[in-house]
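See below for the structure under consideration.
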Amino acid sequence: MEIVYGGEQEDLQQSYNDLFRAMILAVFLIAGILILQFRSYRQPLFILSTIPLSFIGVFPGLILIGSPLTLPAIIGIVALAGIVVNNGIILVDMINKNRREDMIIAKAIVNACTVRLRPIVLTTITTIVGILPITLSSEIWGGLGFSIIFGLTVSAGFTLFTVPLLYNAFAEKELDVIE
């Protein structure tokens with residue numbers, strides 16, 4: 001006969017494990033869609049680099065406001081994986097469009113960053129404003145909202161520097177070729 005202790009802590013640990021698996025699955029699905037869209041293995045990696053950059057904002061942000069890493073906060077981190085890639089997609093798509101118009105890579109990148117700065121900033125602000133009501137209305141869901149807010153804010157800034165740097169250093173010489 002064996003006695004096994006469980007309860008709330010065991011359920012919570014199982015929830016964390018399930019969310020971690022869901023995030024891994026989401027990243028693979030996002031990567032697959034991006035590979036099909038951009039017909040490249042490299043460009044999706046530039047875009048996916050925005051996900052870990054968002055974590056740079058989440059954890060210090062939660063510490064700053066004194067919020068623990070709760071289950072809703074982890075749900076926010078999983079949601080953030082799908083949200084932050086949008087800025088990278090907007091940027092890489094514009095760079096590719098510029099290159100198809102026969103711009104050299106450096107000029108295509110500078111032009112894309114200039115042209116897409118405003119949409120990236122505006123979509124970041126509107127997402128933050130949209131998530132604020134749930135963030136401020138309930139202590140339970142505050143972790144979810146603050147995870148998204150801090151992660152998205154930091155990621156948007158880093159996206160404008162990291163994605164162009166990675167693109168410039170590692171992009172394919174010819175577009176529309178899977179490498």
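Convention: chains lettered A, B, ... in structure tokens order; per-chain residue numbering from 1; ligands numbered from 1 as shown.
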
(message) Can you pull out the residues contacting Thr135 (chain A)? Cut-off 10 Å, using only C-alpha atoms, and skip same-chain residues under 3 positions away; I want them as a list of chain:residue names.
(response) A:Ile128, A:Val129, A:Gly130, A:Ile131, A:Leu132, A:Ser138, A:Glu139, A:Ile140, A:Trp141, A:Gly142, A:Gly143, A:Leu144, A:Gly145, A:Phe146, A:Ser147, A:Ile148, A:Ile149

(message) Between CA of Ile134 (chain A) and CA of Gly66 (chain A), what distance in Å does the model show, to one decimal?
(response)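 That distance, rounded to one decimal, is 17.6 Å.
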
(message) What's the separation between CA of Pro133 (chain A) and CA of Leu69 (chain A), in Å to one decimal place?
(response)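 Computing it gives 19.7 Å between the two atoms.
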
Mind dumping a table of every region 30-60 of chain A residue within 10 Å of region 79-85 of chain A, with the nearest atom pair and its distance in Å to one decimal, using only C-alpha atoms, sorted by chain and rising number, as CSV?
```
residue,atom,partner,partner_atom,distance
A:Ile30,CA,A:Gly82,CA,7.5
A:Leu34,CA,A:Val85,CA,9.9
A:Pro44,CA,A:Val85,CA,9.4
A:Phe46,CA,A:Val85,CA,9.6
A:Ile47,CA,A:Val85,CA,5.9
A:Leu48,CA,A:Val85,CA,6.4
A:Ser49,CA,A:Val85,CA,8.4
A:Thr50,CA,A:Val85,CA,6.2
A:Ile51,CA,A:Ala81,CA,5.5
A:Pro52,CA,A:Ala81,CA,8.5
A:Leu53,CA,A:Val84,CA,9.2
A:Ser54,CA,A:Val84,CA,7.3
A:Phe55,CA,A:Leu80,CA,9.1
A:Val58,CA,A:Leu80,CA,9.6
```

Selection from above, N, CA and C atoms, as a compact mmCIF listing (two decimals), in the first residue's frame, can you write it?
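After the write, again26.txt holds the following:
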```
# COMPACT_ATOMS: atom_id res chain seq x y z
N ILE A 30 3.87 28.43 -35.27
CA ILE A 30 4.19 29.76 -35.80
C ILE A 30 5.36 29.64 -36.79
N LEU A 34 5.39 30.58 -40.77
CA LEU A 34 6.34 31.57 -41.28
C LEU A 34 7.23 30.99 -42.37
N PRO A 44 12.19 33.21 -40.80
CA PRO A 44 11.37 32.93 -39.61
C PRO A 44 12.19 32.94 -38.31
N PHE A 46 14.65 34.96 -37.69
CA PHE A 46 14.79 36.37 -37.32
C PHE A 46 13.54 36.83 -36.58
N ILE A 47 12.40 36.43 -37.09
CA ILE A 47 11.12 36.82 -36.50
C ILE A 47 10.93 36.14 -35.14
N LEU A 48 11.23 34.86 -35.06
CA LEU A 48 11.06 34.13 -33.80
C LEU A 48 12.02 34.62 -32.71
N SER A 49 13.08 35.31 -33.09
CA SER A 49 14.00 35.86 -32.08
C SER A 49 13.31 36.89 -31.20
N THR A 50 12.17 37.40 -31.64
CA THR A 50 11.46 38.39 -30.83
C THR A 50 10.80 37.76 -29.60
N ILE A 51 10.56 36.46 -29.63
CA ILE A 51 9.90 35.81 -28.49
C ILE A 51 10.78 35.83 -27.25
N PRO A 52 12.04 35.34 -27.31
CA PRO A 52 12.86 35.44 -26.09
C PRO A 52 13.15 36.89 -25.69
N LEU A 53 13.18 37.79 -26.67
CA LEU A 53 13.39 39.20 -26.33
C LEU A 53 12.24 39.74 -25.49
N SER A 54 11.05 39.20 -25.70
CA SER A 54 9.90 39.67 -24.91
C SER A 54 10.04 39.25 -23.44
N PHE A 55 10.70 38.11 -23.19
CA PHE A 55 10.89 37.67 -21.82
C PHE A 55 11.76 38.64 -21.03
N VAL A 58 9.19 40.79 -19.52
CA VAL A 58 8.18 40.19 -18.64
C VAL A 58 8.68 40.06 -17.20
```

(request) Extract, using only C-alpha atoms, all DNA, RNA and protein residues at most 12 Å from Pro119 (chain A), discarding same-chain residues fewer than 6 positions from it, and format them as a list in words. (result)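 Non-adjacent residues within range: Asn86, Asn87, Gly88, Ile89, Ile90, Leu91, Met94, Ala112, Cys113, Ile125, Thr126, Thr127, Ala156 and Leu160 of chain A.
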
Could you please take those selected residues and save C-alpha atoms as a CSV table (one decimal), in the first residue's frame?
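result-v3.csv written:
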```
chain,number,residue,atom,x,y,z
A,86,ASN,CA,3.6,40.4,-35.6
A,87,ASN,CA,6.1,43.2,-35.4
A,88,GLY,CA,8.9,41.0,-36.9
A,89,ILE,CA,6.5,39.9,-39.6
A,90,ILE,CA,5.7,43.4,-40.5
A,91,LEU,CA,9.3,44.4,-40.7
A,94,MET,CA,8.6,45.2,-45.9
A,112,ALA,CA,11.5,49.2,-43.9
A,113,CYS,CA,12.5,50.4,-40.4
A,125,ILE,CA,0.2,51.1,-28.0
A,126,THR,CA,-3.3,49.9,-29.1
A,127,THR,CA,-2.6,46.4,-27.8
A,156,ALA,CA,8.8,46.1,-29.8
A,160,LEU,CA,13.4,47.4,-34.4
```

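We find CA of Asn98 (chain A) and CA of Arg118 (chain A) to be spaced 17.3 Å apart.
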
What's the 12 Å shell around Asn111 (chain A), counting only C-alpha atoms, without same-chain residues fewer than 6 positions away, as a JSON list (two decimals) with N, CA and C atoms, in the first residue's frame?
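File written: selection.json
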```json
[["chain", "number", "residue", "atom", "x", "y", "z"],
["A", 91, "LEU", "N", 8.02, 43.87, -40.29],
["A", 91, "LEU", "CA", 9.33, 44.39, -40.68],
["A", 91, "LEU", "C", 9.97, 43.55, -41.79],
["A", 92, "VAL", "N", 10.01, 42.24, -41.61],
["A", 92, "VAL", "CA", 10.64, 41.37, -42.61],
["A", 92, "VAL", "C", 9.88, 41.42, -43.93],
["A", 93, "ASP", "N", 8.57, 41.48, -43.87],
["A", 93, "ASP", "CA", 7.78, 41.56, -45.10],
["A", 93, "ASP", "C", 8.11, 42.83, -45.88],
["A", 94, "MET", "N", 8.27, 43.94, -45.18],
["A", 94, "MET", "CA", 8.60, 45.20, -45.85],
["A", 94, "MET", "C", 10.03, 45.16, -46.42],
["A", 95, "ILE", "N", 10.95, 44.57, -45.69],
["A", 95, "ILE", "CA", 12.32, 44.45, -46.21],
["A", 95, "ILE", "C", 12.30, 43.62, -47.49],
["A", 96, "ASN", "N", 11.58, 42.51, -47.47],
["A", 96, "ASN", "CA", 11.49, 41.66, -48.67],
["A", 96, "ASN", "C", 10.85, 42.41, -49.83],
["A", 97, "LYS", "N", 9.81, 43.18, -49.54],
["A", 97, "LYS", "CA", 9.16, 43.96, -50.60],
["A", 97, "LYS", "C", 10.15, 44.95, -51.21],
["A", 98, "ASN", "N", 10.91, 45.61, -50.35],
["A", 98, "ASN", "CA", 11.93, 46.56, -50.85],
["A", 98, "ASN", "C", 12.98, 45.85, -51.70],
["A", 99, "ARG", "N", 13.40, 44.67, -51.26],
["A", 99, "ARG", "CA", 14.40, 43.93, -52.03],
["A", 99, "ARG", "C", 13.87, 43.49, -53.38],
["A", 101, "GLU", "N", 11.97, 45.16, -55.11],
["A", 101, "GLU", "CA", 12.00, 46.38, -55.93],
["A", 101, "GLU", "C", 13.43, 46.79, -56.23],
["A", 103, "MET", "N", 16.13, 47.11, -54.29],
["A", 103, "MET", "CA", 16.95, 47.87, -53.33],
["A", 103, "MET", "C", 18.03, 46.95, -52.80],
["A", 104, "ILE", "N", 19.18, 47.52, -52.51],
["A", 104, "ILE", "CA", 20.22, 46.72, -51.86],
["A", 104, "ILE", "C", 19.76, 46.44, -50.43],
["A", 105, "ILE", "N", 20.31, 45.41, -49.81],
["A", 105, "ILE", "CA", 19.82, 44.97, -48.50],
["A", 105, "ILE", "C", 19.86, 46.09, -47.47],
["A", 117, "LEU", "N", 8.07, 51.85, -38.65],
["A", 117, "LEU", "CA", 8.19, 52.29, -37.26],
["A", 117, "LEU", "C", 6.83, 52.71, -36.70],
["A", 164, "PRO", "N", 16.42, 43.71, -37.89],
["A", 164, "PRO", "CA", 17.24, 44.24, -38.99],
["A", 164, "PRO", "C", 18.70, 43.79, -38.93]]
```
